Each structure stands twice: as structure tokens, then as C-alpha cells.
$ cat start-v8.txt   # compact mmCIF, C-alpha atoms
# COMPACT_ATOMS: atom_id res chain seq x y z
CA MET A 1 13.71 68.05 32.26
CA ARG A 2 9.95 67.77 32.53
CA ARG A 3 9.95 64.28 30.99
CA PHE A 4 12.55 63.08 33.42
CA ARG A 5 10.41 64.21 36.36
CA ILE A 6 7.38 62.30 34.97
CA LEU A 7 9.43 59.09 34.74
CA ILE A 8 10.63 59.52 38.34
CA LEU A 9 7.04 59.98 39.55
CA ALA A 10 5.84 56.88 37.64
CA ALA A 11 8.62 54.74 39.10
CA ALA A 12 7.78 55.96 42.58
CA ALA A 13 4.12 55.06 42.07
CA CYS A 14 5.07 51.46 41.05
CA VAL A 15 7.23 51.10 44.13
CA ALA A 16 4.33 52.30 46.29
CA VAL A 17 1.96 49.75 44.70
CA LEU A 18 4.42 46.91 45.25
CA ALA A 19 4.89 47.95 48.83
CA VAL A 20 1.15 47.81 49.45
CA ALA A 21 0.85 44.43 47.64
CA SER A 22 3.73 42.86 49.54
CA SER A 23 2.23 43.96 52.82
CA ALA A 24 -1.18 42.45 51.95
CA PRO A 25 -2.27 39.31 53.80
CA ALA A 26 -0.88 36.08 52.37
CA GLY A 27 -4.39 34.81 51.65
CA ASP A 28 -5.23 32.80 54.73
CA PHE A 29 -8.10 30.35 54.20
CA ALA A 30 -11.52 31.47 55.37
CA ASP A 31 -14.61 29.60 56.45
CA GLY A 32 -17.06 29.02 53.64
CA PRO A 33 -18.74 25.81 52.58
CA CYS A 34 -15.87 24.20 54.51
CA SER A 35 -15.45 25.52 58.08
CA GLY A 36 -13.77 24.78 61.41
CA GLU A 37 -10.46 25.37 63.15
CA PRO A 38 -7.75 24.35 62.76
CA ALA A 39 -9.02 21.70 60.31
CA LYS A 40 -11.99 22.53 58.15
CA LEU A 41 -14.85 20.09 57.52
CA CYS A 42 -16.54 20.26 54.11
CA PRO A 43 -20.12 19.29 53.23
CA THR A 44 -20.70 15.56 53.06
CA ALA A 45 -20.66 13.89 49.63
CA THR A 46 -22.35 10.70 48.43
CA VAL A 47 -21.00 8.02 46.09
CA GLY A 48 -22.53 8.30 42.63
CA GLN A 49 -23.96 11.79 43.12
CA PRO A 50 -22.49 15.04 41.67
CA TYR A 51 -20.63 17.13 44.25
CA THR A 52 -19.14 20.66 44.39
CA THR A 53 -17.48 22.63 47.20
CA THR A 54 -15.16 25.70 47.31
CA PHE A 55 -12.05 26.37 49.37
CA ALA A 56 -12.38 30.09 50.26
CA LEU A 57 -9.66 32.67 50.98
CA LYS A 58 -10.03 35.60 53.41
CA GLU A 59 -8.42 38.05 50.93
CA PRO A 60 -7.98 36.49 47.45
CA GLY A 61 -6.21 39.61 46.13
CA ASP A 62 -5.58 40.41 42.49
CA CYS A 63 -2.48 38.30 41.85
CA GLY A 64 -4.18 35.16 40.49
CA PRO A 65 -4.16 32.57 43.28
CA SER A 66 -3.54 28.97 42.23
CA PHE A 67 -4.82 26.10 44.41
CA ALA A 68 -3.20 22.69 44.72
CA VAL A 69 -3.49 19.55 46.86
CA SER A 70 -0.18 19.47 48.68
CA SER A 71 -0.67 16.23 50.59
CA GLY A 72 -3.25 13.78 51.92
CA ALA A 73 -5.99 11.82 50.17
CA PHE A 74 -8.33 13.67 47.85
CA PRO A 75 -11.68 11.82 47.34
CA PRO A 76 -11.58 9.57 44.24
CA GLY A 77 -13.82 10.92 41.52
CA LEU A 78 -13.28 14.59 42.46
CA THR A 79 -10.89 17.03 40.80
CA LEU A 80 -9.57 20.38 42.00
CA ALA A 81 -9.94 23.44 39.74
CA SER A 82 -6.65 25.19 40.46
CA ASP A 83 -7.82 28.65 39.35
CA GLU A 84 -11.09 28.58 41.31
CA GLY A 85 -10.26 26.52 44.38
CA ALA A 86 -13.32 24.34 43.74
CA ALA A 87 -13.63 20.57 44.11
CA ARG A 88 -16.00 19.01 41.55
CA GLY A 89 -17.00 15.57 40.32
CA THR A 90 -18.87 12.44 41.32
CA PRO A 91 -17.34 10.46 44.18
CA THR A 92 -16.65 6.82 43.40
CA GLN A 93 -15.55 5.62 46.85
CA SER A 94 -17.00 6.08 50.33
CA GLY A 95 -14.92 7.01 53.41
CA SER A 96 -13.37 10.01 55.22
CA PHE A 97 -10.73 11.80 53.15
CA THR A 98 -8.32 14.33 54.73
CA PHE A 99 -5.97 16.45 52.63
CA TYR A 100 -4.13 19.78 52.56
CA ILE A 101 -4.64 22.69 50.17
CA SER A 102 -1.94 25.28 49.44
CA VAL A 103 -2.08 28.52 47.43
CA SER A 104 0.57 30.19 45.28
CA TYR A 105 0.46 33.56 43.48
CA SER A 106 1.46 34.61 40.02
CA CYS A 107 2.96 37.93 41.22
CA GLY A 108 5.40 36.35 43.66
CA LEU A 109 3.49 36.92 46.90
CA LYS A 110 4.16 34.55 49.71
CA SER A 111 2.16 31.33 49.41
CA ALA A 112 -0.60 30.68 51.88
CA SER A 113 0.24 27.95 54.35
CA ASP A 114 -1.32 24.51 53.92
CA GLN A 115 -4.87 24.22 55.19
CA GLN A 116 -6.26 20.87 56.31
CA TYR A 117 -9.67 19.81 54.93
CA THR A 118 -11.84 16.74 55.37
CA ILE A 119 -14.59 15.50 53.06
CA ASN A 120 -16.71 12.61 54.25
CA VAL A 121 -18.23 10.50 51.47
CA ASN A 122 -21.29 8.37 52.21
CA ALA A 123 -21.79 5.06 50.44
CA GLY A 124 -25.28 6.08 49.31
CA THR A 125 -27.95 3.74 47.97
CA PRO A 126 -26.44 0.98 45.81
CA PRO A 127 -27.81 0.95 42.24
CA LYS A 128 -30.50 -1.58 41.42
CA PRO A 129 -29.20 -4.70 39.67
CA LYS A 130 -29.70 -4.58 35.91
CA LEU A 131 -31.05 -7.58 34.04
CA THR A 132 -29.31 -8.54 30.80
CA VAL A 133 -30.53 -11.31 28.52
CA THR A 134 -27.46 -13.40 27.66
CA THR A 135 -28.87 -16.11 25.38
CA PRO A 136 -27.05 -15.45 22.07
CA SER A 137 -29.06 -17.70 19.75
CA LEU A 138 -31.43 -20.66 19.52
CA PRO A 139 -30.81 -24.07 17.94
CA ASP A 140 -32.62 -24.90 14.70
CA ALA A 141 -35.92 -26.77 14.79
CA ASN A 142 -37.23 -29.38 12.35
CA PHE A 143 -40.59 -29.13 10.65
CA ASN A 144 -43.28 -31.30 12.26
CA GLN A 145 -40.85 -32.68 14.84
CA PRO A 146 -40.95 -32.03 18.63
CA TYR A 147 -38.66 -29.20 19.70
CA THR A 148 -37.35 -28.02 23.08
CA ALA A 149 -34.71 -25.29 23.31
CA PRO A 150 -32.46 -24.74 26.34
CA ALA A 151 -34.04 -22.29 28.80
CA LEU A 152 -33.35 -18.63 28.06
CA GLN A 153 -30.62 -17.11 30.24
CA ALA A 154 -30.12 -13.66 31.83
CA SER A 155 -27.60 -12.13 34.26
CA GLY A 156 -27.63 -9.30 36.81
CA ASP A 157 -30.79 -10.19 38.74
CA THR A 158 -33.28 -12.94 39.39
CA VAL A 159 -35.71 -13.53 36.52
CA ASN A 160 -39.30 -13.94 37.69
CA SER A 161 -40.77 -14.63 34.26
CA TRP A 162 -40.14 -14.60 30.53
CA THR A 163 -42.55 -13.12 27.99
CA LEU A 164 -42.74 -12.57 24.23
CA ALA A 165 -42.33 -8.82 23.62
CA GLY A 166 -42.67 -8.66 19.84
CA GLY A 167 -42.66 -10.72 16.66
CA ALA A 168 -44.04 -14.24 16.50
CA LEU A 169 -42.85 -17.77 17.19
CA PRO A 170 -43.42 -20.42 14.52
CA ALA A 171 -46.93 -21.90 14.70
CA GLY A 172 -46.89 -24.81 17.13
CA LEU A 173 -44.22 -23.37 19.48
CA THR A 174 -44.77 -21.46 22.75
CA LEU A 175 -42.58 -19.60 25.25
CA ALA A 176 -43.14 -20.68 28.86
CA ALA A 177 -42.66 -18.38 31.87
CA ASN A 178 -39.50 -20.33 32.79
CA GLY A 179 -37.89 -19.32 29.47
CA VAL A 180 -38.28 -22.64 27.64
CA ILE A 181 -39.45 -22.58 24.01
CA SER A 182 -41.06 -25.89 23.07
CA GLY A 183 -43.69 -27.58 20.91
CA THR A 184 -43.93 -29.00 17.39
CA PRO A 185 -43.43 -26.39 14.65
CA THR A 186 -45.90 -26.58 11.78
CA GLN A 187 -44.26 -23.78 9.76
CA SER A 188 -40.85 -23.73 8.16
CA GLY A 189 -38.60 -20.75 7.59
CA THR A 190 -36.88 -18.09 9.71
CA PHE A 191 -38.91 -16.40 12.47
CA SER A 192 -37.74 -13.28 14.34
CA PHE A 193 -39.12 -12.17 17.71
CA ASN A 194 -38.22 -10.38 20.96
CA VAL A 195 -38.01 -12.11 24.36
CA GLN A 196 -38.21 -10.16 27.63
CA ALA A 197 -36.78 -11.15 31.03
CA ASN A 198 -38.80 -9.71 33.93
CA GLY A 199 -37.10 -9.27 37.33
CA ASN A 200 -37.64 -7.31 40.54
CA GLY A 201 -38.43 -3.91 39.09
CA THR A 202 -36.10 -4.38 36.16
CA SER A 203 -36.33 -6.07 32.77
CA ASP A 204 -34.38 -6.58 29.58
CA MET A 205 -35.36 -7.44 26.01
CA ARG A 206 -33.41 -9.14 23.24
CA GLY A 207 -34.14 -10.01 19.62
CA LEU A 208 -33.73 -13.65 18.63
CA SER A 209 -34.54 -15.74 15.57
CA LEU A 210 -35.47 -19.39 15.11
CA PHE A 211 -34.99 -21.35 11.92
CA VAL A 212 -37.37 -24.24 11.26
CA LEU A 213 -35.84 -26.67 8.80
CA ALA A 214 -38.21 -28.38 6.35
CA PRO A 215 -37.14 -31.47 4.36
CA LEU A 216 -35.15 -30.51 1.29
CA GLU A 217 -37.09 -30.90 -1.98
CA VAL A 218 -36.62 -30.10 -5.65
CA GLN A 219 -39.53 -28.53 -7.51
CA SER A 220 -40.14 -27.05 -10.93
CA LEU A 221 -40.11 -23.29 -11.36
CA VAL A 222 -43.90 -23.26 -11.00
CA GLY A 223 -43.79 -25.25 -7.76
CA LYS A 224 -44.61 -28.75 -9.03
CA LYS A 225 -42.96 -31.87 -7.67
CA PRO A 226 -41.10 -34.01 -10.21
CA PRO A 227 -42.77 -37.14 -11.66
CA THR A 228 -41.38 -40.49 -10.59
CA ARG A 229 -39.27 -40.71 -13.72
CA GLY A 230 -38.16 -37.11 -13.56
CA TRP A 231 -38.74 -34.24 -15.96
CA THR A 232 -38.51 -34.06 -19.74
CA ALA A 233 -37.78 -30.95 -21.77
CA LYS A 234 -38.59 -30.96 -25.49
CA THR A 235 -37.50 -28.29 -27.94
CA THR A 236 -35.73 -27.82 -31.26
CA VAL A 237 -32.19 -27.00 -32.25
CA ASN A 238 -31.22 -23.34 -31.80
CA LYS A 239 -34.39 -22.49 -29.86
CA ALA A 240 -33.79 -20.69 -26.57
CA LEU A 241 -34.52 -22.91 -23.58
CA THR A 242 -35.53 -21.33 -20.27
CA THR A 243 -36.38 -23.78 -17.54
CA GLY A 244 -34.81 -25.18 -14.40
CA VAL A 245 -35.48 -26.28 -10.85
CA LYS A 246 -35.80 -24.64 -7.45
CA ALA A 247 -35.03 -25.86 -3.95
CA VAL A 248 -37.72 -25.94 -1.26
CA GLY A 249 -36.98 -26.56 2.41
CA GLY A 250 -33.52 -27.28 3.69
CA ARG A 251 -31.32 -24.32 4.49
CA ALA A 252 -30.00 -21.80 2.00
CA PRO A 253 -27.71 -21.19 0.28
CA TYR A 254 -28.20 -24.01 -2.22
CA THR A 255 -25.82 -25.42 -4.81
CA PHE A 256 -27.03 -27.09 -8.02
CA THR A 257 -24.94 -29.59 -9.99
CA SER A 258 -25.60 -31.87 -12.96
CA ALA A 259 -24.28 -35.31 -13.80
CA GLY A 260 -24.65 -36.94 -17.18
CA ALA A 261 -25.09 -35.00 -20.40
CA LEU A 262 -26.77 -31.67 -20.93
CA PRO A 263 -27.42 -30.72 -24.56
CA PRO A 264 -24.52 -28.82 -26.15
CA GLY A 265 -25.16 -25.10 -25.65
CA VAL A 266 -27.34 -25.62 -22.56
CA THR A 267 -26.00 -24.86 -19.06
CA LEU A 268 -27.11 -25.17 -15.44
CA ASP A 269 -26.66 -22.19 -13.09
CA ALA A 270 -25.02 -23.59 -9.94
CA ALA A 271 -26.47 -20.86 -7.72
CA THR A 272 -30.07 -20.64 -8.99
CA GLY A 273 -30.85 -23.99 -10.68
CA ALA A 274 -31.79 -22.23 -13.93
CA VAL A 275 -31.32 -24.28 -17.12
CA THR A 276 -30.81 -21.97 -20.06
CA GLY A 277 -29.26 -21.80 -23.51
CA ALA A 278 -29.99 -23.00 -27.03
CA ALA A 279 -29.07 -26.54 -28.04
CA THR A 280 -26.71 -26.62 -30.98
CA SER A 281 -27.37 -30.23 -31.97
CA SER A 282 -30.32 -32.58 -31.91
CA GLY A 283 -30.67 -35.78 -29.94
CA LYS A 284 -31.77 -37.14 -26.59
CA PHE A 285 -29.71 -36.23 -23.53
CA ALA A 286 -30.07 -37.64 -20.03
CA SER A 287 -28.88 -35.78 -16.94
CA THR A 288 -29.37 -35.84 -13.18
CA ILE A 289 -29.68 -32.50 -11.36
CA THR A 290 -28.75 -32.48 -7.66
CA VAL A 291 -29.38 -29.71 -5.13
CA THR A 292 -27.27 -29.50 -1.95
CA ASP A 293 -28.15 -27.18 0.95
CA SER A 294 -25.85 -25.60 3.53
CA THR A 295 -26.37 -28.51 5.95
CA GLY A 296 -25.09 -31.00 3.35
CA ALA A 297 -28.50 -32.52 2.57
CA LYS A 298 -28.90 -33.61 -1.08
CA VAL A 299 -31.85 -34.33 -3.36
CA SER A 300 -31.57 -35.44 -6.99
CA VAL A 301 -34.00 -35.64 -9.91
CA PRO A 302 -33.52 -37.16 -13.39
CA TRP A 303 -33.98 -34.87 -16.34
CA SER A 304 -34.07 -35.81 -20.03
CA PHE A 305 -33.87 -33.43 -22.97
CA ASN A 306 -35.30 -34.24 -26.39
CA ILE A 307 -33.81 -31.80 -28.88
CA LEU A 308 -35.57 -32.09 -32.22
CA PRO A 309 -33.69 -31.23 -35.41
CA LEU A 310 -34.93 -28.41 -37.58
CA ILE A 311 -35.04 -30.88 -40.45
CA ASP A 312 -34.72 -34.67 -40.54
CA PHE A 313 -35.41 -37.58 -42.82
CA ALA A 314 -38.52 -39.51 -41.80
CA LYS A 315 -37.59 -42.69 -40.02
CA GLY A 316 -38.23 -45.95 -41.87
CA LYS A 317 -39.24 -44.36 -45.14
CA GLY A 318 -37.49 -44.84 -48.46
CA LEU A 319 -38.23 -44.09 -52.10
CA PRO A 320 -40.69 -46.17 -54.17
CA ALA A 321 -39.58 -48.50 -56.96
CA GLY A 322 -40.29 -47.63 -60.65
CA THR A 323 -40.62 -49.28 -64.07
CA VAL A 324 -38.79 -48.50 -67.29
CA SER A 325 -40.69 -46.31 -69.74
CA ARG A 326 -43.16 -45.20 -67.10
CA LEU A 327 -43.55 -41.87 -65.35
CA TYR A 328 -41.93 -41.63 -61.89
CA SER A 329 -42.49 -39.09 -59.12
CA ALA A 330 -41.22 -39.31 -55.52
CA LYS A 331 -40.51 -36.77 -52.82
CA PHE A 332 -37.70 -37.19 -50.31
CA PRO A 333 -39.39 -37.80 -46.92
CA VAL A 334 -38.27 -35.02 -44.56
CA THR A 335 -39.83 -33.73 -41.37
CA GLY A 336 -39.12 -30.90 -38.95
CA LYS A 337 -39.81 -27.23 -38.40
CA GLU A 338 -37.95 -26.16 -41.55
CA ALA A 339 -38.91 -29.10 -43.77
CA ARG A 340 -41.07 -26.94 -46.04
CA THR A 341 -38.25 -24.51 -46.81
CA ALA A 342 -35.48 -27.09 -47.14
CA GLN A 343 -33.20 -27.25 -50.19
CA PHE A 344 -31.94 -30.56 -51.63
CA ALA A 345 -28.93 -31.92 -53.47
CA ILE A 346 -27.89 -35.39 -54.64
CA ALA A 347 -24.53 -37.12 -54.77
CA GLY A 348 -24.25 -40.23 -56.89
CA LYS A 349 -26.00 -41.40 -60.06
CA ILE A 350 -29.75 -40.99 -60.25
CA PRO A 351 -31.82 -43.24 -62.51
CA PRO A 352 -31.61 -42.03 -66.14
CA GLY A 353 -34.63 -39.96 -67.14
CA LEU A 354 -35.22 -38.40 -63.70
CA GLU A 355 -34.57 -34.83 -62.54
CA LEU A 356 -34.45 -33.30 -59.07
CA ASP A 357 -36.39 -30.21 -58.08
CA GLU A 358 -34.00 -28.72 -55.54
CA THR A 359 -36.66 -26.57 -53.85
CA THR A 360 -39.29 -29.31 -53.37
CA GLY A 361 -37.05 -32.37 -53.05
CA ARG A 362 -39.04 -34.24 -55.70
CA LEU A 363 -37.66 -36.61 -58.38
CA THR A 364 -39.73 -36.70 -61.58
CA GLY A 365 -39.43 -38.01 -65.11
CA THR A 366 -39.73 -41.17 -67.30
CA LEU A 367 -37.47 -44.02 -66.24
CA LEU A 368 -35.15 -45.17 -69.05
CA LYS A 369 -33.00 -47.94 -67.65
CA ALA A 370 -33.48 -50.73 -65.16
CA GLY A 371 -31.23 -51.24 -62.16
CA ASN A 372 -30.62 -50.38 -58.50
CA TYR A 373 -29.43 -46.83 -58.04
CA ARG A 374 -27.75 -45.76 -54.77
CA ILE A 375 -27.77 -42.02 -54.13
CA ARG A 376 -26.99 -39.80 -51.14
CA VAL A 377 -29.47 -37.04 -50.59
CA PHE A 378 -28.56 -33.81 -48.77
CA ALA A 379 -31.16 -31.54 -47.16
CA PHE A 380 -30.32 -27.98 -46.11
CA SER A 381 -32.38 -25.99 -43.60
CA GLU A 382 -32.30 -22.21 -43.24
CA THR A 383 -30.65 -22.13 -39.81
CA GLY A 384 -29.54 -25.67 -38.99
CA ALA A 385 -26.71 -27.90 -40.14
CA PRO A 386 -27.26 -29.94 -43.34
CA ILE A 387 -28.31 -33.58 -43.09
CA SER A 388 -27.86 -36.49 -45.48
CA LYS A 389 -29.18 -39.99 -46.02
CA LEU A 390 -28.44 -42.88 -48.41
CA PHE A 391 -31.40 -43.96 -50.59
CA VAL A 392 -31.78 -46.85 -53.06
CA ILE A 393 -34.12 -46.54 -56.07
CA ARG A 394 -35.04 -49.84 -57.82
CA VAL A 395 -36.02 -49.57 -61.45
CA ARG A 396 -37.68 -52.68 -62.94
CA ALA A 397 -37.47 -53.59 -66.64
$ encode --input "start-v8.txt" --output "C-alpha cells"
Amino acid sequence: MRRFRILILAAAACVAVLAVASSAPAGDFADGPCSGEPAKLCPTATVGQPYTTTFALKEPGDCGPSFAVSSGAFPPGLTLASDEGAARGTPTQSGSFTFYISVSYSCGLKSASDQQYTINVNAGTPPKPKLTVTTPSLPDANFNQPYTAPALQASGDTVNSWTLAGGALPAGLTLAANGVISGTPTQSGTFSFNVQANGNGTSDMRGLSLFVLAPLEVQSLVGKKPPTRGWTAKTTVNKALTTGVKAVGGRAPYTFTSAGALPPGVTLDAATGAVTGAATSSGKFASTITVTDSTGAKVSVPWSFNILPLIDFAKGKGLPAGTVSRLYSAKFPVTGKEARTAQFAIAGKIPPGLELDETTGRLTGTLLKAGNYRIRVFAFSETGAPISKLFVIRVRA
């Protein structure tokens, strides 16, 4: 019974609270930052400047009022915080803007009637024009030739002068106040610098670069120009060769090609101009190396390679003649880096009475029979391929 009475009292208290709430004012709008009757005028705003104002209620109550623009033109750039009744933002358009604000409640109270407001937005001071350098790049220049680039360009304001704000122009070139770069460059390469446009209280800077093209040349790896007849490389079979050419001037990247004959085992690097490898056979080889730059310019230089064998028979030398019954001694004439360590062999019939020392290549003995003896002599080096030559030994009676 007691519990039932408590529930009845609690229900009665809720009814009493609701009765008080429903009889509360509907939340008529009050003067605040915005005032006046019947329409309310808010503080003046300015384009481009932050702005805040609040739409006040006489009795906000505890039921969570929610504000909304019901009609009219709200100033562009401003937004309404529905839970606070505050207009915030940065106006983007000038003019007089009239609109209506209404309020609703979360607990079902009667909504406040629309209230008319006006916010006047001044145009304000227009922003200063901003200079922007618009020249994207500069044309290439040629070494030791007169150069004049189109005048530098900028937008947004009048340019009163142009100045160099960092870096350096190639020697021989200058930047005039009218934005024209001119002169005769005496340096080649790529030069980076900053140009600055100066206006009426405003300026802008931009980084540019200028490439000065020198005539394309081919040089040795140590920077020497080729002789009139070109270069010659001399080495032996199986010896590592490290040489090549480099490009000077022109415009990278460069491409290197060869025409003619490089020694077997020797190659040319198309990207660097390096000539490397170890020749696998002896002989003289003639080639022409050409460098081409990115503009299509070409320069060529002849190059000959003299690859010496590790062992070879001396040119123009044969074996001496002999006489029957007399002592004979002759050494096979060989030259080359491995001549001293060469081994020898003979094919064919040697004169009777003679013997071959395979380690020295010497024929010795007492000749026994006259005649002309044709023999083929083979010489073997330690690392190279064997060689052979036909010899004739004349034995007199």
C-alpha cells in the first residue's frame, strides 16, 4: 500500500512539472547583439573579415532550443550553429541580407515564431594585387654567341623592375630592369638562379635555369683532344684494356657508337664511351667512335688498335744454310712477351744429324746429307694460342 502511494505522488509531481513547462514562454527573441522591433538589425559585417553574432532568446528554457533559417537570404560565407543560435564565418559577398530565424524544442514546446533579422555586409578594402612570375623556362644559349631571351613575364600587377635574387647568370650575361637577359655567354653548362619581379608594394620570386651549349667535342679520358689521325691503342693479347673517350660540350645525355672493327673481346660502352676488355687475338684493328648528344649533334674520331701477340715469329727472318759434315746451330726466331718461355715442335723432316731442343727452339748437330728440307715449326706460349711457320733449311754438299 505504501509503495502504491509513492508511485501516485511521483506521477503527480511529473504532471506538475509538465504543466509548468507547457505554460512557460515560447522563447520569444530578445534584443542582444541584434536589436530593434519588429525587425532586428545585427552588427555590420565586412567581406573577408571573420564575423560572429548571436540570436538571443528572452527565456531559452531547459528543453534544448534548435535554431534554423526559415526563409530569406543568409549572408554567403556565414553558417548558423543550430544549437547556439550563433552566426559565424567570413562573409564573401557585400550587400544587405534579410532572413528569418525560427526555434524548435526537443521537449515538444511550441516553436517560437519567426523573427526577422538583417545583416549588412560592407565590401571592405579589396586585397592588394599579387604578383606572380609566369615565365616557365628560358631558351638555351650558345657558347660565345650573342644571346637575348624573351622578356620575363609576370601577372597580377604591374612590374616596375626585375632583379636577380639569388644564384648567378653565366659570365657574359646580365638581367636588365625590363626583364631581358642578354649578352654573350663565356661559360658553358647549366646555371641556376632566382629572378624577382618588383611591383607596387608586392613582389614575387621564381627559380629558373639557363643552359649554355658549347660545341660538342670528343676528348680522351684525361682531357686531351685527339690527334689529326685519331688515337692508337697498343697492347698484347689477353691483357686487360681500359681506355675510352668522353664527350665535352653539347648536351647530355650522350650516346657512343663504333663503326669498323674493334678487337675481338673489346667492347665500347654506349652510355659512357669506355673501351674495355681483353683482346683474344692479335692484329691491327681500325674503328671510328662517334658521340651523339641529345640535340643530335655528332662528332667522330678514328681509333686504331695494335694488338701484339704473346709470341710471334720474327718477320723476314729464316734459318741459315749449312754444310755436310759440319756443325750446325740455329735458333728459331721468335719475339713477343712470352718468347723466352715458349715451347717448340716440328712437323716434317729435319736435316739428318740435327736435333731440336724443345725448350730453347734451337737446332744443333752435324749435318749428314745435302738437300733442301722444308719443315713447319710450332711455337707454344703459356697463355696464348700456338703459332706456326714454314721454314726451309738448305744443306750444301
$ atom_distance --input "start-v8.txt" --atom1 "atom CA of A:Ile101" --atom2 "atom CA of A:Ala81"
11.7 Å
$ residues_around --input "start-v8.txt" --residues "stretch 166-177 of chain A" --least-positions-apart "2" --cutoff "7 Å" --atoms "all atoms listed in the file" --output "PDB file with C-alpha atoms, in the frame of the given file"
ATOM      1  CA  SER A 161     -40.770 -14.630  34.260  1.00  0.00           C
ATOM      2  CA  TRP A 162     -40.140 -14.600  30.530  1.00  0.00           C
ATOM      3  CA  THR A 163     -42.550 -13.120  27.990  1.00  0.00           C
ATOM      4  CA  LEU A 164     -42.740 -12.570  24.230  1.00  0.00           C
ATOM      5  CA  GLY A 179     -37.890 -19.320  29.470  1.00  0.00           C
ATOM      6  CA  VAL A 180     -38.280 -22.640  27.640  1.00  0.00           C
ATOM      7  CA  ILE A 181     -39.450 -22.580  24.010  1.00  0.00           C
ATOM      8  CA  SER A 182     -41.060 -25.890  23.070  1.00  0.00           C
ATOM      9  CA  GLY A 183     -43.690 -27.580  20.910  1.00  0.00           C
ATOM     10  CA  THR A 184     -43.930 -29.000  17.390  1.00  0.00           C
ATOM     11  CA  PRO A 185     -43.430 -26.390  14.650  1.00  0.00           C
ATOM     12  CA  THR A 186     -45.900 -26.580  11.780  1.00  0.00           C
ATOM     13  CA  GLN A 187     -44.260 -23.780   9.760  1.00  0.00           C
ATOM     14  CA  PHE A 191     -38.910 -16.400  12.470  1.00  0.00           C
ATOM     15  CA  SER A 192     -37.740 -13.280  14.340  1.00  0.00           C
ATOM     16  CA  PHE A 193     -39.120 -12.170  17.710  1.00  0.00           C
ATOM     17  CA  ASN A 194     -38.220 -10.380  20.960  1.00  0.00           C
TER      18      ASN A 194
END
$ closest_residue --input "start-v8.txt" --among "A:Ala197, A:Val324, A:Ala252, A:Leu268" --to "A:Ser155" --atoms "all atoms listed in the file"
A:Ala197
$ closest_residue --input "start-v8.txt" --among "A:Ala347, A:Ala321, A:Leu131, A:Ala73" --to "A:Lys389" --atoms "all atoms listed in the file"
A:Ala347
$ residues_around --input "start-v8.txt" --residues "A:Gly353" --least-positions-apart "5" --cutoff "7 Å" --atoms "all atoms listed in the file" --output "list in words"
Gly365, Thr366, Leu367 and Leu368 of chain A
$ residues_near_point --input "start-v8.txt" --point "(-37.6, -33.9, -33.6)" --cutoff "8 Å" --atoms "only C-alpha atoms" --output "VMD selection string"
chain A and resid 235 to 236 282 306 to 312 336
$ residues_near_point --input "start-v8.txt" --point "(-27.7, -35.8, -10.0)" --cutoff "12 Å" --atoms "all atoms listed in the file" --output "PyMOL selection string"
chain A and resi 218+230+255-262+268+286-292+298-304
$ atom_distance --input "start-v8.txt" --atom1 "atom CA of A:Thr79" --atom2 "atom CA of A:Pro43"
15.6 Å
$ decode --input "start-v8.txt" --residues "stretch 289-302 of chain A" --atoms "N, CA and C atoms" --output "mmCIF file, in the first residue's frame"
data_model
loop_
_atom_site.group_PDB
_atom_site.id
_atom_site.type_symbol
_atom_site.label_atom_id
_atom_site.label_comp_id
_atom_site.auth_asym_id
_atom_site.auth_seq_id
_atom_site.Cartn_x
_atom_site.Cartn_y
_atom_site.Cartn_z
ATOM 1 N N ILE A 289 84.906 5.932 -83.617
ATOM 2 C CA ILE A 289 83.986 6.113 -82.491
ATOM 3 C C ILE A 289 83.270 7.442 -82.662
ATOM 4 N N THR A 290 81.950 7.418 -82.570
ATOM 5 C CA THR A 290 81.112 8.608 -82.757
ATOM 6 C C THR A 290 80.308 8.868 -81.491
ATOM 7 N N VAL A 291 80.268 10.129 -81.071
ATOM 8 C CA VAL A 291 79.434 10.532 -79.941
ATOM 9 C C VAL A 291 78.312 11.402 -80.484
ATOM 10 N N THR A 292 77.090 11.144 -79.993
ATOM 11 C CA THR A 292 75.903 11.905 -80.385
ATOM 12 C C THR A 292 75.248 12.456 -79.127
ATOM 13 N N ASP A 293 74.969 13.785 -79.112
ATOM 14 C CA ASP A 293 74.325 14.354 -77.917
ATOM 15 C C ASP A 293 72.815 14.404 -78.100
ATOM 16 N N SER A 294 72.104 14.925 -77.086
ATOM 17 C CA SER A 294 70.641 14.900 -77.117
ATOM 18 C C SER A 294 70.055 15.842 -78.151
ATOM 19 N N THR A 295 70.866 16.770 -78.683
ATOM 20 C CA THR A 295 70.371 17.664 -79.739
ATOM 21 C C THR A 295 70.542 17.056 -81.123
ATOM 22 N N GLY A 296 71.247 15.909 -81.203
ATOM 23 C CA GLY A 296 71.505 15.275 -82.494
ATOM 24 C C GLY A 296 72.859 15.599 -83.077
ATOM 25 N N ALA A 297 73.635 16.469 -82.408
ATOM 26 C CA ALA A 297 74.978 16.794 -82.902
ATOM 27 C C ALA A 297 75.874 15.565 -82.789
ATOM 28 N N LYS A 298 76.803 15.407 -83.777
ATOM 29 C CA LYS A 298 77.680 14.241 -83.814
ATOM 30 C C LYS A 298 79.133 14.667 -84.015
ATOM 31 N N VAL A 299 80.038 13.969 -83.379
ATOM 32 C CA VAL A 299 81.469 14.148 -83.594
ATOM 33 C C VAL A 299 82.108 12.756 -83.609
ATOM 34 N N SER A 300 83.007 12.541 -84.586
ATOM 35 C CA SER A 300 83.645 11.231 -84.729
ATOM 36 C C SER A 300 85.157 11.365 -84.658
ATOM 37 N N VAL A 301 85.813 10.278 -84.236
ATOM 38 C CA VAL A 301 87.270 10.241 -84.171
ATOM 39 C C VAL A 301 87.731 8.829 -84.537
ATOM 40 N N PRO A 302 88.763 8.726 -85.412
ATOM 41 C CA PRO A 302 89.297 7.407 -85.750
ATOM 42 C C PRO A 302 90.081 6.825 -84.580
#
